[in-house]
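Asks: My questions all concern the structure below.
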Amino acid sequence: MTKEISLEHVWVEFGEFTAVQKANLNIAGGEFFSFLGPSGCGKTTLLRCISGFQEPTRGVVKIGGKDMKGVGPNKRPTALIFQNLALFPLRTVADNISFPLEVRGVDKKTRRKRADELLELIALPGQGDKKVSELSGGQKQRVAIARALAVEPDILLLDEPLSALDLKLRQHMRTELRSIQKQVGLTFIYITHDQGEALTMSDRIAVMNKGKIEQIGDGKSIYDHPTTSFVASFVGENNVLDATVLTNDGKMMEIDAGLGTPFKVESHPAGGPALIPGDACQLFIRPEALKITKDENSINQFDSQFVSEEFEGNMRHIVLDAQGKKIKLSLINDGANAIGPNAPVKLGFAPELGIALKPGELASA
Amino acid sequence: MKIKSPTSMVPGIYLTLFFAYLFGPLIIMVITAFNSSNFPRVSPWECFTTDWFGKLVADDKLIEGLGNSLLIGFGVVVVAIPIGLAAAIMLSQVGPKLRASLYTIFIAPILVPGVVIGLSTLIFWDRVGTFFDAPYESFFYDGTFLTIFGQVTFIAAYSMLVFLSRIQRFDNTLTEAALDMGATPTQAFVKVLLPFMAPAIGSATVLAFLASLENYNTTVFTIVSSSTFTTVLSSKVRYGLDPSISAVAVIIISITLIGAIIYECRNRYHSKGWGMIIAERPVLKYATHPGSVAAILGLLAIGAVLFIQNYDSSACTAQILEDKRALQQKLMEQQQLETPKQSSPAPTTPTLGPLGNDATSTAPSSPFGGNAGSIFSPENLSGSSNATPAAPSTAPSSGGGGIFAPENLTGNGSD
Ligand SMILES: Nc1ncnc2c1ncn2[C@@H]1O[C@H](COP(=O)(O)OP(=O)(O)OP(=O)(O)O)[C@@H](O)[C@H]1O
Ligand SMILES: [Mg+2]
């Protein structure tokens with residue numbers, strides 16, 4: 001099989017600027033792998049390395065165990081769906097979709113047949129004779145996907161293919177993509193800066209920041225056990241508290257966040273270099289990990305005051321103030337009454353839900 | 001009805017002046033093509049005639065020049081368009097620094113005077129020919145070849161400019177997409193970039209062809225012993241002009257107009273709004289189809305050609321000649337009365353030829369002024385020697401005329 005990909009110490013430099021640094025990863029055949037990261041972090045650049053439009057300055061890209069150095073994009077078993085889609089504006093929809101067959105010398109009738117099949121697949125039957133400019137943004141995206149599938153690639157590279165769609169269609173296309181992937185057993189490499197998309201669709205996710213891969217793992221481990229401050233703050237919502245490590249026995253840590261009694265949290269098993277007593281650290285607590293508590297004696301509790309509330313139907317997002325620090329709290333809307341203004345609220349969290357990490361760069365909100 | 005304020009009329013006046021300036025000369029030129037006067041002029045109007053077209057067709061030199069021009073134009077298009085396209089593609093792909101200097105180099109031939117290009121082309125290929133010891137019949141000394149290469153140097157730059165403005169709007173990811181879909185670089189070029197460039201190739205072709213056709217200052221050097229349309233025309237201007245040049249203008253203007261009308265009809269026909277209007281009106285649909293428009297214009301053109309071939313103005317021209325002869329006779333008699341022996345003939349000579357058909361006109365009344373008039377006169381005399389019977393009879397009377405001496409007359413007439 002030629003479907004697995006490995007990047008070994010891949011660097012991409014544009015003059016002085018380093019777009020990708022030391023990317024190391026293996027993607028298995030048939031995997032749905034996502035790159036998640038803020039704009040400009042080098043996702044597209046990495047994808048272009050895989051598809052062959054960008055030679056890495058250093059390092060090796062292997063597809064199916066073969067070094068791809070010097071192999072042109074038209075010779076690689078990949079198909080890329082471009083961020084701007086790159087549909088051919090002068091060709092009809094069907095001619096766009098059958099372009100890969102056309103350049104392979106497939107005859108016209110077969111081409112048309114295949115195009116119609118693919119149009120069926122992307123739920124645009126009978127629209128083959130339209131001009132590309134007559135399609136809506138979402139339809140264009142689907143045509144781009146169909147065109148890429150017509151290549152019959154082993155690896156499909158998707159650069160934010162759903163970004164132009166409205167929410168409903170996006171969700172629909174997500175399941176669609178996922179089922180196409182399962183159906184044809186392709187390796188999907190998917191770029192997005194929509195976390196929900198990455199979390200719901202991917203087998204594994206790589207979170208990138210400024211050209212560096214910060215963490216690779218499945219959705220749950222990325223969300224529940226971030227290993228860097230950037231990942232913790234970029235994926236999902238998080239409360240950040242600056243704190244100091246008091247004790248660390250390898251299983252549990254005691255840290256002082258300046259909010260009354262020191263907190264007890266689990267030492268992170270994969271959290272990189274261990275934090276030792278006296279180290280500064282950042283404590284991350286997810287808004288949904290915090291609970292309102294009445295119990296004076298429970299661990300990890302602190303006082304705060306109500307500031308405001310945002311109502312989102314199924315969830316209530318409450319902003320509180322704990323000694324000058326803004327704390328976000330998410331509660332399921334269970335019909336409970338709103339908290340009054342300036343009311344004191346006692347908050348607590350379980351030791352396994354607080355994550356202490358070495359201080360690092362946070363994702364800007 | 002409101003009375004327009006003077007300021008609101010300014011744009012109208014401006015437009016009128018502008019169009020008069022633009023089209024005035026063309027209109028005058030067209031009119032002169034149908035005046036039987038031997039010099040292209042509107043007034044005095046002599047006879048409506050189509051003879052000048054006949055004379056044009058019979059003018060072997062002009063026809064030969066035109067043939068050369070078309071051949072050269074074709075050659076220039078074939079060579080210059082690929083060069084211009086390649087240059088534009090190159091410019092769109094190199095880095096900004098290299099781009100700036102390359103652009104300057106590519107554009108330089110436009111800034112160099114055409115005369116310099118003509119001369120240097122001539123000298124360069126002469127050197128090359130000498131180096132290879134090529135015989136004089138070889139293409140190194142062939143006017144057509146040299147002219148094509150001389151013109152290509154700057155016409156390629158023109159077409160590059162046309163291509164550049166189009167290629168700047170090209171999305172390079174389209175080529176990448178094609179490559180990614182398995183196309184070879186050649187296929188990506190042919191199937192993606194070329195179709196995108198097609199309109200620019202079309203306009204660059206027209207531009208290059210016209211630029212080649214109308215070029216004079218480079219061609220005049222590189223054409224060597226051969227001739228093109230422009231060099232024939234210019235020698236005509238130098239040695240005597242007749243309205244067959246206006247006839248050329250009429251033909252060129254007609255072709256341009258027909259082309260423009262068909263093109264415009266095509267555009268309108270394919271526009272959205274018109275498509276809706278004719279959707280339910282088949283008659284209108286066929287009537288406004290560019291093909292039928294072209295057919296109608298073609299029929300009109302054929303009709304015009306037939307008319308031109310068959311129209312006979314000899315009666316009128318003969319009458320005019322008769323008048324002139326009578327006038328001249330009278331003048332001569334007068335002259336003999338005033339100065340029985342010899343006289344300074346200068347003021348009267350211009351009246352000799354049919355050119356000076358207005359008997360009282362003097363040299364300065366010629367459109368090109370006194371001196372120019374004297375240049376034209378001999379040629380007109382010779383022209384008239386085969387065109388009108390009047391000339392021979394008047395020629396001897398100019399016996400003492402300084403520059404209009406009979407030697408000149410016969411010299412030209414024997415040409
Ligand atoms: N050809 C290039 N020359 C110079 N710099 C480049 C080039 N291509 C990309 N970069 C830079 O590399 C960085 C990463 O770009 P990239 O397109 O990979 O970002 P991205 O993660 O895909 O962002 P987005 O989510 O906005 O698409 C950017 O800062 C960009 O400016
Ligand atoms: Mg990108």
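Following the order of the structure tokens, chains are lettered A, B, ..., residues in each are numbered from 1, and ligands are numbered from 1.
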Residues within 10 Å of B:Phe140, please, as number ranges by chain. Count only C-alpha atoms; anything in the same chain fewer than 3 positions from it doesn't count.
Replies: B: 122, 124-130, 132, 134-137, 143-146
Asks: Please save N, CA, C and O atoms of the selected residues as a compact mmCIF listing (two decimals), in the first residue's frame.
Replies:
```
# COMPACT_ATOMS: atom_id res chain seq x y z
N LEU B 122 19.31 45.97 -39.95
CA LEU B 122 19.95 45.88 -41.26
C LEU B 122 21.44 45.57 -41.10
O LEU B 122 21.97 44.64 -41.71
N PHE B 124 23.07 44.47 -38.43
CA PHE B 124 23.34 43.21 -37.73
C PHE B 124 23.29 42.02 -38.68
O PHE B 124 24.22 41.23 -38.77
N TRP B 125 22.18 41.93 -39.43
CA TRP B 125 22.05 40.75 -40.30
C TRP B 125 23.03 40.80 -41.47
O TRP B 125 23.44 39.77 -41.98
N ASP B 126 23.38 42.02 -41.84
CA ASP B 126 24.41 42.14 -42.87
C ASP B 126 25.72 41.55 -42.37
O ASP B 126 26.39 40.80 -43.07
N ARG B 127 26.07 41.89 -41.11
CA ARG B 127 27.29 41.34 -40.50
C ARG B 127 27.22 39.81 -40.45
O ARG B 127 28.15 39.11 -40.80
N VAL B 128 26.05 39.35 -39.97
CA VAL B 128 25.88 37.90 -39.85
C VAL B 128 26.03 37.25 -41.22
O VAL B 128 26.74 36.25 -41.39
N GLY B 129 25.39 37.86 -42.23
CA GLY B 129 25.47 37.32 -43.58
C GLY B 129 26.90 37.31 -44.08
O GLY B 129 27.37 36.32 -44.66
N THR B 130 27.60 38.40 -43.81
CA THR B 130 29.00 38.48 -44.24
C THR B 130 29.82 37.39 -43.57
O THR B 130 30.68 36.75 -44.18
N PHE B 132 28.95 34.53 -42.55
CA PHE B 132 28.72 33.20 -43.14
C PHE B 132 28.99 33.17 -44.64
O PHE B 132 28.73 32.17 -45.30
N ALA B 134 27.39 34.53 -46.94
CA ALA B 134 26.15 34.19 -47.61
C ALA B 134 26.02 35.01 -48.90
O ALA B 134 26.42 36.17 -48.94
N PRO B 135 25.45 34.41 -49.93
CA PRO B 135 25.24 35.16 -51.17
C PRO B 135 24.12 36.18 -50.99
O PRO B 135 23.35 36.10 -50.03
N TYR B 136 24.06 37.13 -51.90
CA TYR B 136 23.08 38.19 -51.75
C TYR B 136 21.64 37.72 -51.88
O TYR B 136 20.72 38.41 -51.48
N GLU B 137 21.46 36.54 -52.44
CA GLU B 137 20.07 36.05 -52.55
C GLU B 137 19.61 35.41 -51.24
O GLU B 137 18.45 35.09 -51.08
N GLY B 143 14.50 41.45 -47.85
CA GLY B 143 13.72 42.49 -47.19
C GLY B 143 12.61 41.94 -46.30
O GLY B 143 12.41 42.41 -45.18
N THR B 144 11.90 40.95 -46.79
CA THR B 144 10.79 40.40 -46.01
C THR B 144 11.30 39.80 -44.70
O THR B 144 10.79 40.09 -43.62
N PHE B 145 12.34 39.02 -44.81
CA PHE B 145 12.91 38.40 -43.61
C PHE B 145 13.38 39.47 -42.62
O PHE B 145 13.05 39.44 -41.43
N LEU B 146 14.16 40.43 -43.11
CA LEU B 146 14.70 41.46 -42.24
C LEU B 146 13.59 42.27 -41.58
O LEU B 146 13.65 42.60 -40.40
```
Asks: Which neighbours of A:Thr78 fall inside 10 Å, counting only C-alpha atoms, when residues of the same chain fewer than 3 positions from it are skipped, and could you give them as a PyMOL selection string?
Replies: (chain A and resi 3+50-52+63+73-75+81+148+151-157+187-188) or (chain B and resi 180-182)
Asks: Let me make sure I understand: among A:Leu357, A:Ile255, A:Leu118, A:Leu46, which one has the smallest atom-to-atom distance to ligand 1 if we use only C-alpha atoms and all ligand atoms?
Replies: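 Residue with the minimum atom-to-atom distance to ligand 1: A:Leu46.
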Asks: Once you count only C-alpha atoms and all ligand atoms, what closest atom pair and distance in Å to one decimal does each residue of chain A within 7 Å of ligand 1 have, with rows by chain and rising residue number, as a tab-separated table?
Replies:
```
residue	atom	partner	partner_atom_place_in_ligand_line	distance
A:Phe14	CA	ligand 1	4 (C)	4.9
A:Phe17	CA	ligand 1	5 (N)	6.9
A:Ala19	CA	ligand 1	12 (O)	4.4
A:Gly37	CA	ligand 1	21 (O)	6.6
A:Pro38	CA	ligand 1	25 (O)	5.9
A:Ser39	CA	ligand 1	25 (O)	3.6
A:Gly40	CA	ligand 1	19 (O)	3.4
A:Cys41	CA	ligand 1	21 (O)	3.9
A:Gly42	CA	ligand 1	18 (O)	3.1
A:Lys43	CA	ligand 1	21 (O)	3.7
A:Thr44	CA	ligand 1	22 (O)	3.6
A:Thr45	CA	ligand 1	18 (O)	3.7
A:Leu46	CA	ligand 1	18 (O)	6.4
A:His193	CA	ligand 1	25 (O)	6.4
```
Asks: Please identify every residue of chain B that has at least one atom no more than 10 Å from any atom of chain A, counting only C-alpha atoms, and report them as an mmCIF file with N, CA and C atoms, in the first residue's frame.
Replies:
```
data_model
loop_
_atom_site.group_PDB
_atom_site.id
_atom_site.type_symbol
_atom_site.label_atom_id
_atom_site.label_comp_id
_atom_site.auth_asym_id
_atom_site.auth_seq_id
_atom_site.Cartn_x
_atom_site.Cartn_y
_atom_site.Cartn_z
ATOM 1 N N ASP B 171 -4.807 32.869 -11.705
ATOM 2 C CA ASP B 171 -4.611 32.272 -10.393
ATOM 3 C C ASP B 171 -3.671 31.078 -10.565
ATOM 4 N N ASN B 172 -2.466 31.231 -10.045
ATOM 5 C CA ASN B 172 -1.467 30.189 -10.263
ATOM 6 C C ASN B 172 -1.837 28.850 -9.647
ATOM 7 N N THR B 173 -2.725 28.871 -8.658
ATOM 8 C CA THR B 173 -3.108 27.594 -8.070
ATOM 9 C C THR B 173 -3.868 26.747 -9.086
ATOM 10 N N LEU B 174 -4.403 27.381 -10.137
ATOM 11 C CA LEU B 174 -5.081 26.589 -11.171
ATOM 12 C C LEU B 174 -4.094 25.659 -11.858
ATOM 13 N N THR B 175 -2.918 26.185 -12.164
ATOM 14 C CA THR B 175 -1.888 25.334 -12.750
ATOM 15 C C THR B 175 -1.484 24.249 -11.766
ATOM 16 N N GLU B 176 -1.342 24.641 -10.508
ATOM 17 C CA GLU B 176 -0.975 23.655 -9.496
ATOM 18 C C GLU B 176 -2.045 22.578 -9.397
ATOM 19 N N ALA B 177 -3.297 23.021 -9.430
ATOM 20 C CA ALA B 177 -4.380 22.048 -9.349
ATOM 21 C C ALA B 177 -4.289 21.067 -10.508
ATOM 22 N N ALA B 178 -4.030 21.597 -11.696
ATOM 23 C CA ALA B 178 -3.934 20.721 -12.862
ATOM 24 C C ALA B 178 -2.800 19.714 -12.685
ATOM 25 N N LEU B 179 -1.670 20.198 -12.210
ATOM 26 C CA LEU B 179 -0.543 19.289 -11.976
ATOM 27 C C LEU B 179 -0.924 18.238 -10.943
ATOM 28 N N ASP B 180 -1.599 18.692 -9.909
ATOM 29 C CA ASP B 180 -1.979 17.779 -8.842
ATOM 30 C C ASP B 180 -2.940 16.709 -9.335
ATOM 31 N N MET B 181 -3.764 17.097 -10.331
ATOM 32 C CA MET B 181 -4.724 16.136 -10.878
ATOM 33 C C MET B 181 -4.047 15.177 -11.859
ATOM 34 N N GLY B 182 -2.735 15.286 -11.976
ATOM 35 C CA GLY B 182 -2.013 14.338 -12.816
ATOM 36 C C GLY B 182 -1.626 14.866 -14.179
ATOM 37 N N ALA B 183 -1.908 16.143 -14.463
ATOM 38 C CA ALA B 183 -1.538 16.692 -15.755
ATOM 39 C C ALA B 183 -0.031 16.909 -15.808
ATOM 40 N N THR B 184 0.538 16.686 -16.979
ATOM 41 C CA THR B 184 1.939 17.037 -17.157
ATOM 42 C C THR B 184 2.021 18.561 -17.287
ATOM 43 N N PRO B 185 3.201 19.138 -17.078
ATOM 44 C CA PRO B 185 3.313 20.595 -17.223
ATOM 45 C C PRO B 185 2.800 21.088 -18.573
ATOM 46 N N GLN B 187 0.464 19.680 -20.449
ATOM 47 C CA GLN B 187 -1.004 19.618 -20.427
ATOM 48 C C GLN B 187 -1.581 20.761 -19.599
ATOM 49 N N ALA B 188 -0.941 21.032 -18.472
ATOM 50 C CA ALA B 188 -1.423 22.125 -17.622
ATOM 51 C C ALA B 188 -1.382 23.430 -18.397
ATOM 52 N N LYS B 191 -4.123 23.176 -21.349
ATOM 53 C CA LYS B 191 -5.523 23.046 -20.964
ATOM 54 C C LYS B 191 -5.979 24.091 -19.960
ATOM 55 N N VAL B 192 -5.036 24.733 -19.290
ATOM 56 C CA VAL B 192 -5.453 25.687 -18.265
ATOM 57 C C VAL B 192 -5.002 27.111 -18.581
ATOM 58 N N LEU B 193 -3.695 27.279 -18.788
ATOM 59 C CA LEU B 193 -3.213 28.650 -18.985
ATOM 60 C C LEU B 193 -3.614 29.196 -20.361
ATOM 61 N N PRO B 195 -6.149 28.473 -22.504
ATOM 62 C CA PRO B 195 -7.535 28.932 -22.646
ATOM 63 C C PRO B 195 -7.796 30.230 -21.897
ATOM 64 N N PHE B 196 -7.134 30.383 -20.755
ATOM 65 C CA PHE B 196 -7.304 31.624 -20.010
ATOM 66 C C PHE B 196 -6.728 32.794 -20.794
#
```
Asks: Residues near B:Gly291, anyone? I mean within 10 Å using only C-alpha atoms, not counting same-chain ones fewer than 6 positions away, as a PyMOL selection string.
Replies: chain B and resi 262+265-266+297
Asks: With N, CA and C atoms retained, export the selected residues as a PDB file, in the first residue's frame.
Replies:
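Produced file again31.pdb, reproduced below:
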```pdb
ATOM      1  N   ILE B 262     -19.705  43.396 -36.769  1.00  0.00           N
ATOM      2  CA  ILE B 262     -19.969  41.971 -36.518  1.00  0.00           C
ATOM      3  C   ILE B 262     -19.555  41.594 -35.099  1.00  0.00           C
ATOM      4  N   CYS B 265     -22.039  42.982 -32.660  1.00  0.00           N
ATOM      5  CA  CYS B 265     -23.279  42.210 -32.742  1.00  0.00           C
ATOM      6  C   CYS B 265     -23.127  40.897 -31.986  1.00  0.00           C
ATOM      7  N   ARG B 266     -21.971  40.286 -32.165  1.00  0.00           N
ATOM      8  CA  ARG B 266     -21.727  39.018 -31.500  1.00  0.00           C
ATOM      9  C   ARG B 266     -21.813  39.204 -29.991  1.00  0.00           C
ATOM     10  N   LEU B 297     -23.995  42.335 -44.289  1.00  0.00           N
ATOM     11  CA  LEU B 297     -22.882  43.243 -44.567  1.00  0.00           C
ATOM     12  C   LEU B 297     -22.087  42.763 -45.776  1.00  0.00           C
TER      13      LEU B 297
END
```
Asks: So that I can see what lies close to A:Ile213, please list as a list of chain:residue names the residues with an atom at most 10 Å from it, counting only C-alpha atoms and leaving out residues fewer than 4 positions away in the same chain.
Replies: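 Near neighbours after the sequence-gap exclusion: A:Val20, A:Gln21, A:Lys22, A:Ala23, A:Asn24, A:Leu25, A:Phe35, A:Leu36, A:Gly37, A:Cys41, A:Gly42, A:Lys43, A:Ala206, A:Val207, A:Met208, A:Asn209.
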Asks: Do you have the atom CA of A:Leu275-atom CA of A:Lys358 distance handy?
Replies: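 The value is 7.1 Å.
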Asks: Skipping near chain neighbours, those fewer than 3 positions away, what residues fall within 12 Å of B:Gly298 using only C-alpha atoms, listed as a PyMOL selection string?
Replies: chain B and resi 254-255+257-259+261-262+290-295+301-305
Asks: Can you write out the residues you just picked, keeping C-alpha atoms, as an mmCIF file, in the first residue's frame?
Replies:
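Printed below is out_35.cif as written:
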```
data_model
loop_
_atom_site.group_PDB
_atom_site.id
_atom_site.type_symbol
_atom_site.label_atom_id
_atom_site.label_comp_id
_atom_site.auth_asym_id
_atom_site.auth_seq_id
_atom_site.Cartn_x
_atom_site.Cartn_y
_atom_site.Cartn_z
ATOM 1 C CA SER B 254 -15.009 49.584 -44.591
ATOM 2 C CA ILE B 255 -13.228 46.420 -43.502
ATOM 3 C CA LEU B 257 -16.319 48.930 -39.772
ATOM 4 C CA ILE B 258 -17.647 45.583 -40.937
ATOM 5 C CA GLY B 259 -15.390 43.764 -38.505
ATOM 6 C CA ILE B 261 -20.065 45.757 -36.361
ATOM 7 C CA ILE B 262 -19.969 41.971 -36.518
ATOM 8 C CA PRO B 290 -24.021 37.577 -35.952
ATOM 9 C CA GLY B 291 -23.948 35.222 -38.917
ATOM 10 C CA SER B 292 -26.907 36.880 -40.571
ATOM 11 C CA VAL B 293 -25.511 40.308 -39.770
ATOM 12 C CA ALA B 294 -22.272 39.251 -41.420
ATOM 13 C CA ALA B 295 -24.188 37.950 -44.429
ATOM 14 C CA ALA B 301 -20.013 44.956 -49.687
ATOM 15 C CA ILE B 302 -20.486 42.870 -52.814
ATOM 16 C CA GLY B 303 -23.129 45.336 -53.979
ATOM 17 C CA ALA B 304 -20.713 48.188 -53.429
ATOM 18 C CA VAL B 305 -18.014 46.413 -55.403
#
```
